[in-house]
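S.K.: Dumping the structure here so I can ask a few things about it.
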Amino acid sequence: MNTQLHHEISSSLTELNKVILGKEQQVQLAFTSILANGHLLVEDLPGMGKTTLAHALYKVLGLDYNRVQFTSDLLPADLIGASVFNAQTSSFSFHRGPIFSSIFLADELNRATPKAQSALLEAMEEGQVSVDGETHDLPKPFFVIATQNPQSQSGTFPLPESQLDRFLLRISLGYPDPAIEREILTGKKGRASLDQVKQVLSKESLLQIQQLVPEIKVSDTLLDYVQRLIAQTRQDELCHLGLSPRGAIALVKSSQAWALLQGRDYVLPEDVQAVFVSVVGHRIVGKTETQGDQLARHILHSVDSVGGGVAAVA
């Protein structure tokens with residue numbers, strides 16, 4: 001990776017951290033999802049900065065952006081658009097919905113019914129939507145950033161496993177540290193800083209960086225480690241639902257993007273460990289009441305890493 005692109009990545013993270021204070025790990029994970037050309041799910045209580053993070057990302061990337069507030073009466077056509085009859089021409093024409101944007105924010109995704117949620121499946125997997133038998137391509141790049149509230153809150157509909165599997169990463173911001181919260185309470189930091197966020201990456205630079213991610217070297221030794229982790233998620237005594245092949249690919253791709261974010265052209269075990277919970281936690285289902293993230297951490301700690309950084313370099 002050339003020096004200019006590395007500088008742009010570092011500057012992007014700096015701009016994001018001006019708004020999302022004290023959450024450097026989560027900001028890096030969110031940016032990892034973008035670099036890996038994957039969709040991002042942000043799960044947290046209301047008011048934690050989920051939507052603010054999405055706003056900051058689109059400002060830094062300079063991409064066109066649409067936001068839809070998901071509610072129980074939302075219909076698929078409200079997202080993807082519909083064919084409208086033109087009386088003057090006696091024909092139907094397709095009117096595009098808000099999903100036709102490079103960054104689509106699905107705010108409080110799990111407050112919509114499963115029917116509305118399912119409208120995103122084809123878009124997230126294929127980068128296209130189908131209406132009345134016709135296929136319409138979405139812009140490139142195309143990202144879905146979805147926020148959801150905990151299922152314990154009223155008026156929520158749990159996302160099905162097929163939908164969760166479409167999200168490359170899931171993150172949670174959590175409460176800020178007291179010192180950081182003090183800065184937010186002054187009204188000069190956090191969301192109040194959104195207007196000052198500068199665009200750093202161009203669309204061309206982003207596409208160029210995304211093309212570099214698959215070229216990040218992954219050694220056979222490292223793949224052995226990844227496969228041991230994957231196999232552990234499929235142990236019957238631990239998991240009712242283990243990591244799918246798509247989830248396994250997501251783990252490798254996310255590790256490559258994380259390594260690139262650190263300025264390296266090869267993946268280390270530390271890169272896999274940094275993204276593992278965010279990639280795996282929403283994809284596996286435990287045999288007991290253990291939450292996915294807790295189970296993912298348990299698996300991560302129970303599987304031996306490869307022997308040192310040198311062995312991981314291709």
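Residue numbers start at 1 in each chain; chains themselves are named A, B, ... in the order of the structure tokens; ligands are numbered from 1 in the order shown.
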Could you build a table of the residues in segment 34-120 of chain A lying no more than 9 Å from segment 1-25 of chain A, giving for each the nearest pair of atoms and their separation in Å rounded to one decimal place, using only C-alpha atoms, ordered by chain and ascending residue number, as CSV?

M.R.:
residue,atom,partner,partner_atom,distance
A:Gly49,CA,A:Ile20,CA,7.4
A:Thr52,CA,A:Ile20,CA,7.7
A:Leu53,CA,A:Ile20,CA,6.6
A:Ala56,CA,A:Leu16,CA,6.1
A:Leu57,CA,A:Leu16,CA,7.0
A:Val60,CA,A:Ser12,CA,6.2
A:Leu61,CA,A:Ser12,CA,8.1

S.K.: Store the residues of this selection in a file with all heavy atoms, as a compact mmCIF listing (two decimals), in the first residue's frame.

M.R.:
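Output file result12.txt is given in full below:
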# COMPACT_ATOMS: atom_id res chain seq x y z
N GLY A 49 -25.06 6.58 20.19
CA GLY A 49 -24.22 7.09 19.12
C GLY A 49 -24.20 6.24 17.87
O GLY A 49 -23.33 6.42 17.00
N THR A 52 -25.00 8.43 14.89
CA THR A 52 -23.90 9.39 14.75
C THR A 52 -22.71 8.76 14.05
O THR A 52 -22.06 9.38 13.20
CB THR A 52 -23.48 9.92 16.13
OG1 THR A 52 -24.61 10.53 16.76
CG2 THR A 52 -22.37 10.94 16.01
N LEU A 53 -22.41 7.51 14.39
CA LEU A 53 -21.31 6.79 13.73
C LEU A 53 -21.57 6.66 12.24
O LEU A 53 -20.67 6.89 11.42
CB LEU A 53 -21.13 5.42 14.36
CG LEU A 53 -20.13 4.47 13.69
CD1 LEU A 53 -18.73 5.06 13.69
CD2 LEU A 53 -20.13 3.10 14.37
N ALA A 56 -21.03 10.02 10.56
CA ALA A 56 -19.61 10.35 10.47
C ALA A 56 -18.93 9.56 9.36
O ALA A 56 -18.07 10.09 8.63
CB ALA A 56 -18.93 10.08 11.82
N LEU A 57 -19.31 8.29 9.19
CA LEU A 57 -18.71 7.45 8.14
C LEU A 57 -19.01 8.01 6.75
O LEU A 57 -18.10 8.11 5.91
CB LEU A 57 -19.22 6.02 8.26
CG LEU A 57 -18.56 5.13 9.32
CD1 LEU A 57 -19.36 3.85 9.51
CD2 LEU A 57 -17.12 4.80 8.93
N VAL A 60 -16.93 11.21 6.10
CA VAL A 60 -15.51 10.95 5.85
C VAL A 60 -15.30 10.35 4.47
O VAL A 60 -14.33 10.67 3.78
CB VAL A 60 -14.95 10.00 6.94
CG1 VAL A 60 -13.61 9.43 6.53
CG2 VAL A 60 -14.82 10.73 8.27
N LEU A 61 -16.23 9.49 4.04
CA LEU A 61 -16.08 8.82 2.75
C LEU A 61 -16.60 9.65 1.58
O LEU A 61 -16.26 9.38 0.43
CB LEU A 61 -16.83 7.48 2.78
CG LEU A 61 -16.32 6.46 3.80
CD1 LEU A 61 -17.26 5.27 3.88
CD2 LEU A 61 -14.91 6.00 3.45

S.K.: For the structure I just gave you, how does DSSP split segment 39-149 of chain A - specifically, which residues are alpha helix (DSSP H)? Reply as a ChimeraX atom specification.

M.R.: /A:50-61,77-80,114-117,119-126

S.K.: Since we have the selection now, will you write its residues out, keeping C-alpha atoms, as a short mmCIF file (atom, residue, chain, number, x, y, z; two decimals), in the first residue's frame?

M.R.:
data_model
loop_
_atom_site.label_atom_id
_atom_site.label_comp_id
_atom_site.auth_asym_id
_atom_site.auth_seq_id
_atom_site.Cartn_x
_atom_site.Cartn_y
_atom_site.Cartn_z
CA LYS A 50 -25.18 4.42 16.57
CA THR A 51 -26.66 6.87 14.07
CA THR A 52 -23.90 9.39 14.75
CA LEU A 53 -21.31 6.79 13.73
CA ALA A 54 -23.13 6.18 10.45
CA HIS A 55 -23.31 9.93 9.74
CA ALA A 56 -19.61 10.35 10.47
CA LEU A 57 -18.71 7.45 8.14
CA TYR A 58 -20.56 8.86 5.16
CA LYS A 59 -19.06 12.31 5.72
CA VAL A 60 -15.51 10.95 5.85
CA LEU A 61 -16.08 8.82 2.75
CA ALA A 77 -41.59 -0.68 -1.63
CA ASP A 78 -40.73 2.13 0.81
CA LEU A 79 -37.12 0.93 0.59
CA ILE A 80 -36.52 -0.39 -2.92
CA PRO A 114 -39.81 -9.46 8.86
CA LYS A 115 -41.43 -8.63 5.51
CA ALA A 116 -39.77 -5.21 5.42
CA GLN A 117 -36.49 -6.60 6.76
CA ALA A 119 -36.38 -6.45 1.35
CA LEU A 120 -32.71 -5.93 2.18
CA LEU A 121 -31.60 -9.53 1.61
CA GLU A 122 -31.08 -9.41 -2.15
CA ALA A 123 -29.58 -5.92 -1.98
CA MET A 124 -27.02 -6.93 0.66
CA GLU A 125 -26.01 -10.17 -1.04
CA GLU A 126 -26.21 -9.34 -4.75
#

S.K.: Using only C-alpha atoms, pick whichever of A:Ser305, A:Thr156, A:Ser83, A:Asn110 has the shortest atom-to-atom distance to Asp132 of chain A.

M.R.: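 So, comparing all the options, the nearest one is A:Ser83.
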
S.K.: Write out as a short mmCIF file (atom, residue, chain, number, x, y, z; two decimals) with N, CA and C atoms, in the first residue's frame the residues lying within 10 Å of Ile180 of chain A, counting only C-alpha atoms and excluding same-chain residues fewer than 2 positions away.

M.R.:
data_model
loop_
_atom_site.label_atom_id
_atom_site.label_comp_id
_atom_site.auth_asym_id
_atom_site.auth_seq_id
_atom_site.Cartn_x
_atom_site.Cartn_y
_atom_site.Cartn_z
N ILE A 20 -16.85 10.06 17.53
CA ILE A 20 -17.12 8.89 18.39
C ILE A 20 -15.97 8.82 19.39
N LEU A 21 -16.14 9.47 20.52
CA LEU A 21 -15.05 9.65 21.47
C LEU A 21 -14.81 8.39 22.30
N GLY A 22 -13.54 8.05 22.47
CA GLY A 22 -13.15 6.96 23.37
C GLY A 22 -13.54 5.58 22.89
N LYS A 23 -13.85 5.42 21.61
CA LYS A 23 -14.28 4.13 21.08
C LYS A 23 -13.41 3.75 19.87
N TYR A 175 -21.54 2.34 26.87
CA TYR A 175 -21.50 3.62 27.57
C TYR A 175 -20.11 4.24 27.49
N PRO A 176 -20.02 5.55 27.43
CA PRO A 176 -18.70 6.19 27.42
C PRO A 176 -18.08 6.21 28.81
N ASP A 177 -16.74 6.32 28.85
CA ASP A 177 -16.05 6.52 30.13
C ASP A 177 -16.46 7.86 30.73
N PRO A 178 -16.40 7.99 32.06
CA PRO A 178 -16.82 9.25 32.70
C PRO A 178 -16.12 10.48 32.15
N ARG A 182 -18.01 13.50 30.16
CA ARG A 182 -17.91 14.90 30.61
C ARG A 182 -17.71 15.83 29.41
N GLU A 183 -16.86 15.40 28.46
CA GLU A 183 -16.64 16.21 27.27
C GLU A 183 -17.91 16.31 26.42
N ILE A 184 -18.64 15.20 26.34
CA ILE A 184 -19.89 15.20 25.57
C ILE A 184 -20.91 16.13 26.20
N LEU A 185 -20.96 16.14 27.54
CA LEU A 185 -21.94 16.96 28.25
C LEU A 185 -21.70 18.46 28.08
N LYS A 189 -18.37 18.30 22.01
CA LYS A 189 -17.80 17.08 21.46
C LYS A 189 -18.92 16.13 21.05
N GLY A 190 -18.54 15.00 20.47
CA GLY A 190 -19.52 14.00 20.07
C GLY A 190 -20.33 14.46 18.88
#

S.K.: Quick one: residues within 10 Å of Phe104 of chain A, only C-alpha atoms counted, chain neighbours fewer than 5 positions away excluded, as a PDB file with C-alpha atoms, in the first residue's frame?

M.R.:
ATOM      1  CA  HIS A  39     -22.231  -4.453   5.732  1.00  0.00           C
ATOM      2  CA  ALA A  54     -23.129   6.178  10.448  1.00  0.00           C
ATOM      3  CA  TYR A  58     -20.564   8.861   5.160  1.00  0.00           C
ATOM      4  CA  ASP A  64     -24.135   9.669  -1.258  1.00  0.00           C
ATOM      5  CA  TYR A  65     -26.265   8.620   1.674  1.00  0.00           C
ATOM      6  CA  ASN A  66     -29.866   7.848   2.567  1.00  0.00           C
ATOM      7  CA  ARG A  67     -31.426   7.063   5.921  1.00  0.00           C
ATOM      8  CA  VAL A  68     -34.701   5.263   6.586  1.00  0.00           C
ATOM      9  CA  LEU A  79     -37.121   0.926   0.586  1.00  0.00           C
ATOM     10  CA  PRO A  98     -33.867   5.314  -0.888  1.00  0.00           C
ATOM     11  CA  ILE A  99     -31.840   2.095  -0.995  1.00  0.00           C
ATOM     12  CA  PHE A 142     -22.864  -0.117  -1.688  1.00  0.00           C
ATOM     13  CA  PHE A 143     -22.990  -0.461   2.096  1.00  0.00           C
ATOM     14  CA  VAL A 144     -25.800  -1.110   4.514  1.00  0.00           C
ATOM     15  CA  ILE A 145     -25.186   0.264   7.973  1.00  0.00           C
ATOM     16  CA  ALA A 146     -27.989  -0.989  10.197  1.00  0.00           C
TER      17      ALA A 146
END

S.K.: Grab the atom CA of Leu45 of chain A to atom CA of Arg246 of chain A distance for me, in Å with one decimal place.

M.R.: 28.2 Å

S.K.: Measure the distance from atom CA of His240 of chain A to atom CA of Gly292 of chain A in Å and round it to one decimal.

M.R.: 11.0 Å

S.K.: Let me make sure I understand: among A:Val129, A:Leu164, A:Leu173, A:Val252, which one has the smallest atom-to-atom distance to Leu222 of chain A if we use only C-alpha atoms?

M.R.: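 Counting only C-alpha atoms, the residue closest to Leu222 of chain A is A:Val252.
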
S.K.: Quick one: of A:Pro46, A:Gly81, A:Pro269, A:Gly281, who's nearest to Leu241 of chain A, counting only C-alpha atoms?

M.R.: A:Gly281

S.K.: Tell me which of A:Met48, A:Ile230, A:Val280, A:Leu168 sits closest to Lys253 of chain A, counting only C-alpha atoms.

M.R.: A:Leu168

S.K.: Between A:Phe276, A:Ile209, A:Gln69, A:Gly62, single out the one closest to Val197 of chain A, counting only C-alpha atoms.

M.R.: A:Gly62

S.K.: So the first atom is atom CA of Phe100 of chain A and the second is atom CA of Leu75 of chain A; what is the distance between them in Å, to one decimal place?

M.R.: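 A separation of 15.9 Å between them.
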